[in-house]
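J.: File coords_18.txt below, compact mmCIF, C-alpha atoms:
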```txt
# COMPACT_ATOMS: atom_id res chain seq x y z
CA MET S 1139 6.94 18.11 43.76
CA ILE S 1140 4.47 20.55 42.21
CA ARG S 1141 6.72 23.43 43.27
CA ASN S 1142 9.74 21.86 41.56
CA ALA S 1143 7.73 21.10 38.42
CA SER S 1144 6.49 24.71 38.34
CA ALA S 1145 10.05 25.98 38.75
CA ILE S 1146 11.29 23.80 35.85
CA LEU S 1147 8.35 24.88 33.70
CA ALA S 1148 9.07 28.55 34.50
CA LEU S 1149 12.73 28.00 33.59
CA VAL S 1150 11.89 26.40 30.24
CA LEU S 1151 9.36 29.14 29.52
CA GLY S 1152 11.93 31.80 30.40
CA VAL S 1153 14.55 30.32 28.07
CA VAL S 1154 12.10 29.88 25.19
CA LEU S 1155 10.74 33.40 25.75
CA GLN S 1156 14.23 34.85 25.72
CA THR S 1157 15.62 32.92 22.75
CA SER S 1158 12.68 32.51 20.41
CA VAL S 1159 9.96 35.01 21.31
CA LEU S 1160 11.40 38.26 22.66
CA PRO S 1161 14.06 38.73 19.94
CA PHE S 1162 11.29 39.07 17.35
CA HIS S 1163 9.39 41.71 19.34
CA VAL S 1164 12.00 43.59 21.36
CA ALA S 1165 14.88 45.69 20.05
CA GLU S 1166 18.14 43.83 20.56
CA PRO S 1167 19.76 45.91 23.33
CA PHE S 1168 16.56 45.71 25.38
CA LYS S 1169 16.65 41.92 25.68
CA PRO S 1170 16.10 41.14 29.39
CA ASP S 1171 18.16 38.47 31.13
CA LEU S 1172 15.38 36.40 32.67
CA LEU S 1173 17.81 33.78 33.97
CA LEU S 1174 19.70 36.44 35.93
CA VAL S 1175 16.42 37.68 37.38
CA ALA S 1176 15.59 34.08 38.37
CA MET S 1177 19.00 33.71 39.99
CA VAL S 1178 18.54 36.88 42.07
CA TYR S 1179 15.08 35.69 43.10
CA LEU S 1180 16.65 32.41 44.14
CA ALA S 1181 19.32 34.20 46.16
CA LEU S 1182 16.84 36.43 47.97
CA ARG S 1183 13.92 34.06 48.43
CA GLY S 1184 15.07 30.51 47.69
CA PRO S 1185 16.78 27.79 49.72
CA VAL S 1186 20.47 28.34 50.44
CA ALA S 1187 21.53 24.69 50.37
CA SER S 1188 20.53 23.88 46.81
CA GLY S 1189 20.49 27.52 45.70
CA ALA S 1190 24.19 27.72 44.86
CA LEU S 1191 23.98 24.68 42.60
CA LEU S 1192 20.80 25.99 40.99
CA ALA S 1193 22.43 29.39 40.39
CA TRP S 1194 25.38 27.68 38.71
CA ILE S 1195 23.00 25.58 36.58
CA LEU S 1196 21.06 28.70 35.56
CA GLY S 1197 24.31 30.27 34.41
CA LEU S 1198 25.23 27.10 32.56
CA ILE S 1199 21.89 27.10 30.75
CA LYS S 1200 22.54 30.69 29.75
CA ASP S 1201 25.95 29.70 28.41
CA VAL S 1202 24.39 26.96 26.30
CA PHE S 1203 22.31 29.55 24.47
CA SER S 1204 24.74 32.45 24.53
CA GLY S 1205 28.22 33.09 23.24
CA LEU S 1206 30.90 30.47 22.85
CA TYR S 1207 32.23 29.98 26.32
CA LEU S 1208 30.49 27.35 28.42
CA GLY S 1209 30.93 28.18 32.10
CA LEU S 1210 31.33 31.93 31.76
CA ASN S 1211 27.90 32.90 33.04
CA ALA S 1212 27.79 29.85 35.31
CA PHE S 1213 30.78 31.25 37.17
CA SER S 1214 29.37 34.79 37.27
CA PHE S 1215 25.97 33.62 38.48
CA LEU S 1216 27.49 31.49 41.25
CA LEU S 1217 29.73 34.33 42.38
CA ILE S 1218 26.89 36.85 42.45
CA PHE S 1219 24.60 34.35 44.17
CA LEU S 1220 27.14 33.81 46.95
CA VAL S 1221 27.64 37.55 47.41
CA ILE S 1222 23.88 38.15 47.65
CA ILE S 1223 23.46 35.21 50.04
CA SER S 1224 26.20 36.57 52.27
CA ILE S 1225 24.40 39.88 52.72
CA THR S 1226 20.81 38.68 52.43
CA ASP S 1227 20.40 38.53 56.24
CA LEU S 1228 20.94 42.27 56.33
CA LEU S 1229 18.26 42.91 53.72
CA TYR S 1230 14.51 42.96 53.78
CA ALA S 1231 14.18 40.26 51.13
CA GLU S 1232 10.44 40.62 50.65
CA SER S 1233 10.66 44.18 49.39
CA GLY S 1234 9.86 44.60 45.70
CA GLU S 1235 12.05 47.70 45.40
CA LEU S 1236 14.99 45.86 46.91
CA PHE S 1237 14.50 43.06 44.39
CA VAL S 1238 14.63 45.52 41.48
CA VAL S 1239 17.73 47.21 42.91
CA THR S 1240 19.42 43.86 43.51
CA VAL S 1241 18.68 42.71 39.96
CA SER S 1242 20.17 45.96 38.61
CA ALA S 1243 23.28 45.55 40.78
CA ALA S 1244 23.56 41.88 39.75
CA THR S 1245 23.31 42.91 36.07
CA LEU S 1246 26.20 45.30 36.51
CA ALA S 1247 28.21 42.74 38.44
CA CYS S 1248 27.52 39.99 35.90
CA MET S 1249 28.63 42.17 33.00
CA THR S 1250 31.75 43.24 34.86
CA VAL S 1251 32.73 39.68 35.82
CA ASN S 1252 32.00 38.43 32.28
CA LEU S 1253 34.02 41.24 30.74
CA VAL S 1254 36.98 40.63 33.02
CA LEU S 1255 36.91 36.89 32.31
CA LEU S 1256 36.58 37.45 28.56
CA LEU S 1257 39.44 39.92 28.44
CA MET S 1258 41.64 37.76 30.63
CA LEU S 1259 41.04 34.37 29.08
CA THR S 1260 39.82 34.86 25.50
CA THR S 1261 40.55 36.85 22.39
CA THR S 1262 37.45 38.88 21.79
CA PRO S 1263 38.50 42.30 20.55
CA GLY S 1264 35.82 44.94 20.73
CA ILE S 1265 33.65 43.05 23.21
CA SER S 1266 34.19 45.72 25.87
CA TYR S 1267 32.77 48.36 23.51
CA SER S 1268 29.72 46.23 22.71
CA MET S 1269 29.10 45.45 26.37
CA THR S 1270 29.51 49.04 27.49
CA ALA S 1271 27.26 50.29 24.70
CA GLY S 1272 24.56 47.78 25.62
CA LEU S 1273 24.85 48.28 29.38
CA LEU S 1274 22.17 50.91 29.96
CA PRO S 1275 19.40 49.33 27.87
CA HIS S 1276 20.23 45.92 29.33
CA LEU S 1277 20.08 47.36 32.84
CA LEU S 1278 16.73 49.01 32.14
CA ALA S 1279 15.29 45.85 30.57
CA ASN S 1280 16.38 43.74 33.54
CA ALA S 1281 15.00 46.24 36.05
CA PHE S 1282 11.71 46.27 34.15
CA ALA S 1283 11.59 42.45 34.07
CA ALA S 1284 12.35 42.41 37.82
CA SER S 1285 9.57 44.90 38.51
CA LEU S 1286 7.17 42.62 36.62
CA VAL S 1287 8.30 39.67 38.73
CA THR S 1288 7.34 41.56 41.90
CA LEU S 1289 3.77 41.68 40.58
CA LEU S 1290 3.56 37.89 40.31
CA PRO S 1291 1.67 36.05 43.07
CA VAL S 1292 4.73 33.87 43.69
CA PHE S 1293 6.64 36.94 44.88
CA SER S 1294 4.16 37.67 47.66
CA SER S 1295 4.08 34.03 48.81
CA PRO S 1296 5.93 33.35 52.08
CA GLN S 1297 9.69 32.87 51.95
CA GLU S 1298 10.99 29.30 51.94
CA GLU S 1299 12.45 27.74 55.07
CA LEU S 1300 16.20 28.15 55.08
CA MET K 281 -99.24 28.25 22.22
CA GLU K 282 -97.97 25.05 23.59
CA PHE K 283 -96.76 24.24 20.09
CA PHE K 284 -94.71 27.43 19.80
CA LYS K 285 -93.17 26.85 23.19
CA LYS K 286 -92.14 23.39 22.18
CA PHE K 287 -91.00 23.95 18.62
CA GLY K 288 -90.43 27.75 18.56
CA LEU K 289 -86.68 27.62 18.53
CA LEU K 290 -86.62 24.97 15.86
CA LEU K 291 -89.12 26.88 13.80
CA LEU K 292 -87.18 30.12 14.20
CA GLY K 293 -84.02 28.41 13.14
CA GLY K 294 -85.72 26.90 10.11
CA ILE K 295 -87.15 30.29 9.12
CA GLY K 296 -83.73 31.85 9.57
CA ILE K 297 -82.05 29.26 7.38
CA LEU K 298 -84.79 29.60 4.81
CA GLY K 299 -84.52 33.41 4.87
CA ALA K 300 -80.75 33.18 4.46
CA LEU K 301 -81.19 30.84 1.56
CA ILE K 302 -83.73 33.15 -0.06
CA PHE K 303 -81.42 36.13 0.56
CA TYR K 304 -78.55 34.27 -1.01
CA SER K 305 -80.65 33.15 -3.98
CA LEU K 306 -81.81 36.68 -4.56
CA ASN K 307 -78.21 37.90 -4.61
CA ILE K 308 -76.82 35.33 -6.98
CA PRO K 309 -74.69 37.61 -9.10
CA HIS K 310 -76.62 38.00 -12.29
CA LYS K 311 -75.89 41.61 -11.64
CA ARG K 312 -72.67 42.46 -9.80
CA SER K 313 -73.45 45.89 -8.38
CA ALA K 314 -73.55 46.21 -4.56
CA ASN K 315 -76.94 46.19 -2.94
CA PHE K 316 -77.94 48.38 -0.05
CA VAL K 317 -76.71 45.93 2.57
CA GLU K 318 -73.27 45.74 1.05
CA ARG K 319 -73.10 49.47 0.58
CA GLY K 320 -74.28 50.09 4.13
CA VAL K 321 -71.80 47.73 5.75
CA MET K 322 -68.95 48.93 3.60
CA THR K 323 -69.74 52.54 4.40
CA ALA K 324 -70.00 51.75 8.08
CA PHE K 325 -66.62 50.02 8.16
CA ALA K 326 -64.77 52.40 5.88
CA PRO K 327 -63.55 54.83 8.62
CA VAL K 328 -62.16 51.96 10.68
CA MET K 329 -60.70 49.90 7.90
CA LYS K 330 -58.17 52.44 6.67
CA PRO K 331 -56.42 53.03 10.04
CA ALA K 332 -56.70 49.30 10.78
CA ALA K 333 -55.00 48.53 7.49
CA ARG K 334 -52.30 51.07 8.25
CA MET K 335 -51.88 49.69 11.75
CA SER K 336 -51.74 46.18 10.43
CA GLY K 337 -49.14 47.23 7.87
CA PHE K 338 -47.11 48.86 10.64
CA PHE K 339 -47.16 45.75 12.80
CA GLU K 340 -46.40 43.61 9.81
CA ASP K 341 -43.38 45.79 9.09
CA VAL K 342 -42.29 45.62 12.72
CA TRP K 343 -42.64 41.85 12.76
CA ASP K 344 -40.91 41.45 9.43
CA ASN K 345 -38.10 43.75 10.51
CA TYR K 346 -37.73 41.90 13.77
CA LEU K 347 -37.55 38.59 11.96
CA ASN K 348 -35.18 40.12 9.47
CA LEU K 349 -33.12 41.56 12.30
CA VAL K 350 -32.79 38.13 13.83
CA GLY K 351 -31.72 36.88 10.43
CA VAL K 352 -29.40 39.85 9.91
CA ARG K 353 -27.71 39.27 13.25
CA GLN K 354 -27.10 35.66 12.40
CA GLU K 355 -25.98 36.62 8.92
CA ASN K 356 -23.74 39.31 10.40
CA LEU K 357 -22.08 36.78 12.69
CA ARG K 358 -21.66 34.36 9.81
CA LEU K 359 -20.20 37.09 7.58
CA ARG K 360 -17.84 38.19 10.32
CA ASP K 361 -16.60 34.65 10.68
CA GLU K 362 -16.22 34.46 6.92
CA ILE K 363 -14.27 37.76 6.89
CA LYS K 364 -12.02 36.50 9.66
CA GLY K 365 -11.41 33.30 7.74
CA LEU K 366 -10.75 35.18 4.51
CA ASN K 367 -8.41 37.63 6.26
CA ALA K 368 -6.49 34.73 7.78
CA ARG K 369 -6.28 33.17 4.32
CA ILE K 370 -5.06 36.44 2.80
CA VAL K 371 -2.36 36.75 5.49
CA ALA K 372 -1.41 33.09 5.05
CA THR K 373 -1.29 33.50 1.29
CA GLY K 374 0.85 36.63 1.61
CA GLU K 375 3.15 34.81 4.00
CA THR K 376 3.34 31.85 1.62
CA VAL K 377 4.20 34.15 -1.27
CA LEU K 378 6.95 35.85 0.76
CA THR K 379 8.30 32.50 1.98
CA ASN K 380 8.22 31.24 -1.59
CA GLN K 381 10.19 34.28 -2.76
CA ARG K 382 12.77 33.81 0.00
CA LEU K 383 13.10 30.09 -0.66
CA GLU K 384 13.33 30.73 -4.39
CA LYS K 385 16.29 33.05 -3.77
CA LEU K 386 17.79 30.48 -1.42
CA LEU K 387 17.33 27.80 -4.08
CA GLY K 388 19.18 30.05 -6.51
CA MET K 389 22.08 30.20 -4.06
CA ARG K 390 21.85 26.45 -3.47
CA ASN K 391 22.07 25.76 -7.19
CA SER K 392 25.13 27.98 -7.47
CA ILE K 393 26.96 26.02 -4.76
CA LYS K 394 28.68 22.89 -5.96
CA GLU K 395 28.67 21.20 -2.53
CA PRO K 396 25.61 19.49 -0.97
CA SER K 397 23.67 21.78 1.36
CA LEU K 398 20.81 21.68 3.84
CA THR K 399 18.07 24.27 4.24
CA VAL K 400 17.55 25.29 7.87
CA SER K 401 15.28 27.69 9.73
CA ILE K 402 16.34 30.14 12.43
CA VAL K 403 14.51 29.25 15.64
CA GLY K 404 16.26 31.32 18.27
CA GLU K 405 18.76 34.04 19.04
CA ASP K 406 21.55 34.51 21.53
CA LEU K 407 20.44 35.23 25.11
CA SER K 408 22.93 38.10 25.37
CA SER K 409 23.02 41.19 23.22
CA TRP K 410 26.79 41.27 22.84
CA PHE K 411 27.30 37.77 21.46
CA LYS K 412 25.95 37.22 17.94
CA THR K 413 24.75 33.67 17.52
CA VAL K 414 21.50 32.12 16.33
CA VAL K 415 19.94 28.70 16.85
CA ILE K 416 18.90 26.65 13.79
CA ASP K 417 16.43 23.77 13.66
CA GLN K 418 18.80 21.04 12.38
CA GLY K 419 21.65 19.26 14.10
CA SER K 420 24.02 16.33 13.89
CA SER K 421 21.19 13.95 12.97
CA SER K 422 20.90 15.86 9.68
CA GLY K 423 24.62 15.69 9.04
CA ILE K 424 25.61 19.07 10.46
CA ALA K 425 29.01 19.33 12.12
CA GLU K 426 31.01 22.05 13.84
CA GLY K 427 32.81 24.41 11.49
CA MET K 428 30.43 24.07 8.54
CA ALA K 429 29.65 27.26 6.64
CA VAL K 430 26.19 28.83 6.75
CA VAL K 431 25.00 31.05 3.90
CA ALA K 432 21.77 32.78 2.93
CA ALA K 433 20.44 33.90 -0.43
CA ASP K 434 22.43 37.17 -0.25
CA GLY K 435 25.66 35.80 1.10
CA VAL K 436 27.58 34.57 4.13
CA VAL K 437 25.78 34.18 7.47
CA GLY K 438 28.43 32.55 9.64
CA GLN K 439 29.58 29.12 10.70
CA ILE K 440 28.36 26.30 12.91
CA VAL K 441 29.91 26.37 16.38
CA LYS K 442 27.82 24.08 18.60
CA VAL K 443 25.91 21.04 17.41
CA ALA K 444 23.22 19.04 19.20
CA PRO K 445 21.27 16.17 17.61
CA THR K 446 18.33 18.35 16.54
CA THR K 447 19.56 21.94 16.83
CA SER K 448 22.80 23.82 16.24
CA ARG K 449 24.19 27.24 16.97
CA VAL K 450 25.62 29.46 14.29
CA LEU K 451 28.30 32.06 15.04
CA LEU K 452 27.28 35.04 12.92
CA LEU K 453 29.86 36.91 10.89
CA THR K 454 29.09 40.03 12.96
CA ASP K 455 30.26 38.41 16.24
CA HIS K 456 33.51 39.70 17.72
CA THR K 457 35.08 36.24 17.59
CA SER K 458 34.18 35.56 13.96
CA GLY K 459 36.87 35.70 11.28
CA ILE K 460 36.46 34.91 7.58
CA ALA K 461 39.20 35.03 4.98
CA ALA K 462 38.06 37.48 2.32
CA THR K 463 39.05 39.25 -0.83
CA ILE K 464 37.95 42.47 -2.52
CA GLN K 465 36.24 41.47 -5.76
CA ARG K 466 37.55 44.39 -7.86
CA SER K 467 41.18 44.64 -6.76
CA ARG K 468 41.65 41.12 -5.29
CA ALA K 469 43.06 42.70 -2.10
CA ARG K 470 42.97 40.22 0.76
CA GLY K 471 42.10 40.44 4.42
CA VAL K 472 40.09 38.88 7.22
CA VAL K 473 36.51 39.94 7.82
CA LYS K 474 35.95 40.25 11.57
CA GLY K 475 32.73 41.03 13.38
CA LYS K 476 32.37 44.39 15.08
CA GLY K 477 29.02 43.78 16.77
CA GLU K 478 26.33 46.38 15.96
CA GLY K 479 25.60 44.51 12.71
CA LEU K 480 28.85 45.55 11.04
CA CYS K 481 32.20 43.95 10.17
CA SER K 482 35.69 45.15 9.44
CA LEU K 483 38.26 43.99 6.96
CA GLU K 484 41.48 43.52 8.86
CA PHE K 485 45.08 42.92 7.90
CA THR K 486 44.67 44.79 4.61
CA THR K 487 47.79 46.85 4.10
CA ARG K 488 47.66 50.59 3.32
CA GLU K 489 48.87 50.02 -0.20
CA GLU K 490 45.99 47.72 -1.16
CA ASP K 491 43.32 49.24 -3.40
CA VAL K 492 40.06 49.33 -1.42
CA LYS K 493 37.23 51.76 -2.18
CA VAL K 494 33.80 52.46 -0.75
CA GLY K 495 31.25 50.33 -2.60
CA ASP K 496 33.66 47.47 -3.30
CA MET K 497 32.17 44.00 -2.96
CA VAL K 498 33.86 41.68 -0.45
CA LEU K 499 33.83 37.94 -1.20
CA THR K 500 35.11 34.86 0.59
CA SER K 501 38.59 33.97 -0.58
CA GLY K 502 38.29 30.25 0.14
CA ILE K 503 41.41 30.34 2.28
CA GLY K 504 40.92 28.45 5.53
CA GLY K 505 38.75 25.78 4.01
CA VAL K 506 35.52 26.76 5.74
CA PHE K 507 33.83 28.84 3.07
CA LEU K 508 33.83 28.15 -0.63
CA LYS K 509 35.54 30.78 -2.76
CA GLY K 510 33.50 33.67 -4.13
CA ILE K 511 30.50 33.81 -1.77
CA PRO K 512 29.47 37.45 -1.18
CA ILE K 513 30.09 38.77 2.33
CA GLY K 514 29.32 42.46 2.19
CA GLU K 515 30.00 45.89 0.79
CA VAL K 516 32.71 48.33 1.85
CA THR K 517 31.08 51.34 3.52
CA MET K 518 34.11 53.15 4.90
CA VAL K 519 37.87 53.21 4.23
CA LYS K 520 40.26 55.05 6.51
CA ARG K 521 44.00 55.30 5.98
CA GLY K 522 45.86 56.99 8.81
CA GLU K 523 49.20 58.71 8.41
CA TYR K 524 50.88 55.95 10.32
CA GLY K 525 50.38 52.22 10.65
CA ILE K 526 50.66 49.31 8.30
CA PHE K 527 46.99 48.52 7.82
CA GLN K 528 43.97 50.51 6.72
CA THR K 529 40.63 50.52 8.51
CA VAL K 530 37.86 49.12 6.33
CA THR K 531 34.26 48.85 7.51
CA ILE K 532 31.91 46.41 5.79
CA ARG K 533 28.14 46.16 5.86
CA PRO K 534 27.10 42.48 5.50
CA LEU K 535 24.80 41.76 2.58
CA VAL K 536 22.67 39.42 4.65
CA ASN K 537 20.17 41.20 6.88
CA ILE K 538 20.89 39.17 9.99
CA SER K 539 18.06 40.62 12.07
CA HIS K 540 15.46 39.51 9.51
CA LEU K 541 17.01 36.18 8.62
CA GLU K 542 14.55 33.25 8.68
CA GLU K 543 16.09 30.56 6.49
CA ALA K 544 19.66 29.69 5.60
CA LEU K 545 21.74 26.98 3.93
CA VAL K 546 24.31 24.89 5.76
CA ILE K 547 26.99 23.73 3.35
CA LEU K 548 27.52 20.09 4.27
CA ARG K 549 31.26 20.10 3.80
CA GLU K 550 33.61 19.40 6.65
CA PRO K 551 36.10 22.26 6.91
CA HIS K 552 39.66 21.36 6.02
CA ASP K 553 42.92 23.19 6.55
```
Starting from the coordinates I provided, produce the structure as structure tokens.
T.:
Amino acid sequence: MIRNASAILALVLGVVLQTSVLPFHVAEPFKPDLLLVAMVYLALRGPVASGALLAWILGLIKDVFSGLYLGLNAFSFLLIFLVIISITDLLYAESGELFVVTVSAATLACMTVNLVLLLMLTTTPGISYSMTAGLLPHLLANAFAASLVTLLPVFSSPQEEL
Amino acid sequence: MEFFKKFGLLLLGGIGILGALIFYSLNIPHKRSANFVERGVMTAFAPVMKPAARMSGFFEDVWDNYLNLVGVRQENLRLRDEIKGLNARIVATGETVLTNQRLEKLLGMRNSIKEPSLTVSIVGEDLSSWFKTVVIDQGSSSGIAEGMAVVAADGVVGQIVKVAPTTSRVLLLTDHTSGIAATIQRSRARGVVKGKGEGLCSLEFTTREEDVKVGDMVLTSGIGGVFLKGIPIGEVTMVKRGEYGIFQTVTIRPLVNISHLEEALVILREPHD
């Protein structure tokens, strides 16, 4: 119960931090995607059964506060979650370095999936330029945010029962 | 002998008191000059009195300074608190003055718009860097609906795209999916202002023959029914006409500084076709 409440509180804090606090202090391209970081954490350390649904919900929450297309990030997050889950047995999930690398790879994958979906299903001319131009700073910001997560006590706590 | 043993002490005391009285009566100041006793005692104490006085003065100073220091420390703390309070008031006053200036400009814009409008504050930004939306602090409970135009003191901000009861999201004019029917103020050339990301816009569908120059002011044309006619959008910063093609490339810098936007006006008019 306390664990769930803490997770919800962390989620709300993350959203508020990303929408209302960080934009006033961080240059725009360096905005980290805290929800993506949370999703990767969930994939590597969280429960599999409810994890897929949670990953989809995280993406949905991101869509509510970003862009115009509800379901875009929800789809990307779910897809990336399932890919990570499928290879997580091969990985040493408790490694901080692996977490940072996985977040970076997930950032790339998320942007690619989003871009493909946007180009295929919507009319957003010029979005590919904006996304490509913002890729490197976004990647760096996410990797930095992920490296900060590895310093949190929750990261060193034992992995949940699968 | 027996008498002296019995009353000696009493007698001695009485003689002493009597002697003291006589000594006192003899020295009743009909003349004020010091006698030999006074002079002798004063002379005897003189070498000690000066250093003692100095020493006493020193300790008095130390004590006074200590007491003062205790007072100064307390005063220092009080003054620091006062300075903090005053600094906070100065900052708050400065902020109030700036807010007042911004709202005054916004009020000017509000008065120039014939339709009813609602002042809103920006409370959040888009989670992604490549979509350009902001969150405002008013929603459907205040009469806001999808499609309504949002303007600031300097000009167009964007339009409402998602509405919740207490918050709404505004699609900024710099977003890739934004499109606003516009006209060049000087030559009345028409086009559609589309977002380019990166804080810039472009004027599209303006044919090569149309007269567009750098520095021209771009206004809303009113076509489309979302924005009222004549609201400033931005200034032309670049015009490129290739050898081929029907249209010219026109880049516009929005007048509203989106990254520093804090308040805006939602024009409470349902868009119509």
J.: Please return, as a VMD selection string, all residues of chain S lying within 6 Å of chain K when all atoms listed in the file are considered.
T.: chain S and resid 1157 to 1158 1167 1203 to 1205 1262 1268 to 1269
J.: Between atom CA of S:Tyr1207 and atom CA of S:Leu1246, what is the distance, to one decimal in Å?
T.: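 Interatomic distance here is 19.4 Å.
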J.: Figure out the distance between atom CA of K:Ile503 and atom CA of S:Leu1257, please, to one decimal in Å.
T.: 27.9 Å
J.: Return the padded bounding box of stretch 1196-1210 of chain S as AutoDock Vina command-line options: axis-aligned, built from all atoms listed in the file, 6 Å added on each side, with centre and edge lengths in Å to one decimal.
T.:
```
--center_x 26.6 --center_y 30.0 --center_z 29.2 --size_x 23.2 --size_y 18.1 --size_z 24.7
```
J.: Quick one, how far is atom CA of K:Ser422 from atom CA of K:Val450?
T.: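 Between these atoms lies a distance of 15.1 Å.
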J.: So that I can check the surroundings of K:Met518, please list as a list in words every protein, DNA and RNA residue that reaches within 12 Å of it, counting only C-alpha atoms and ignoring chain neighbours fewer than 6 positions away.
T.: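 Result of the neighbour search: Leu480, Cys481, Ser482, Leu483, Val492, Lys493, Val494, Gly495, Asp496, Gln528, Thr529, Val530, Thr531, Ile532 and Arg533 of chain K.
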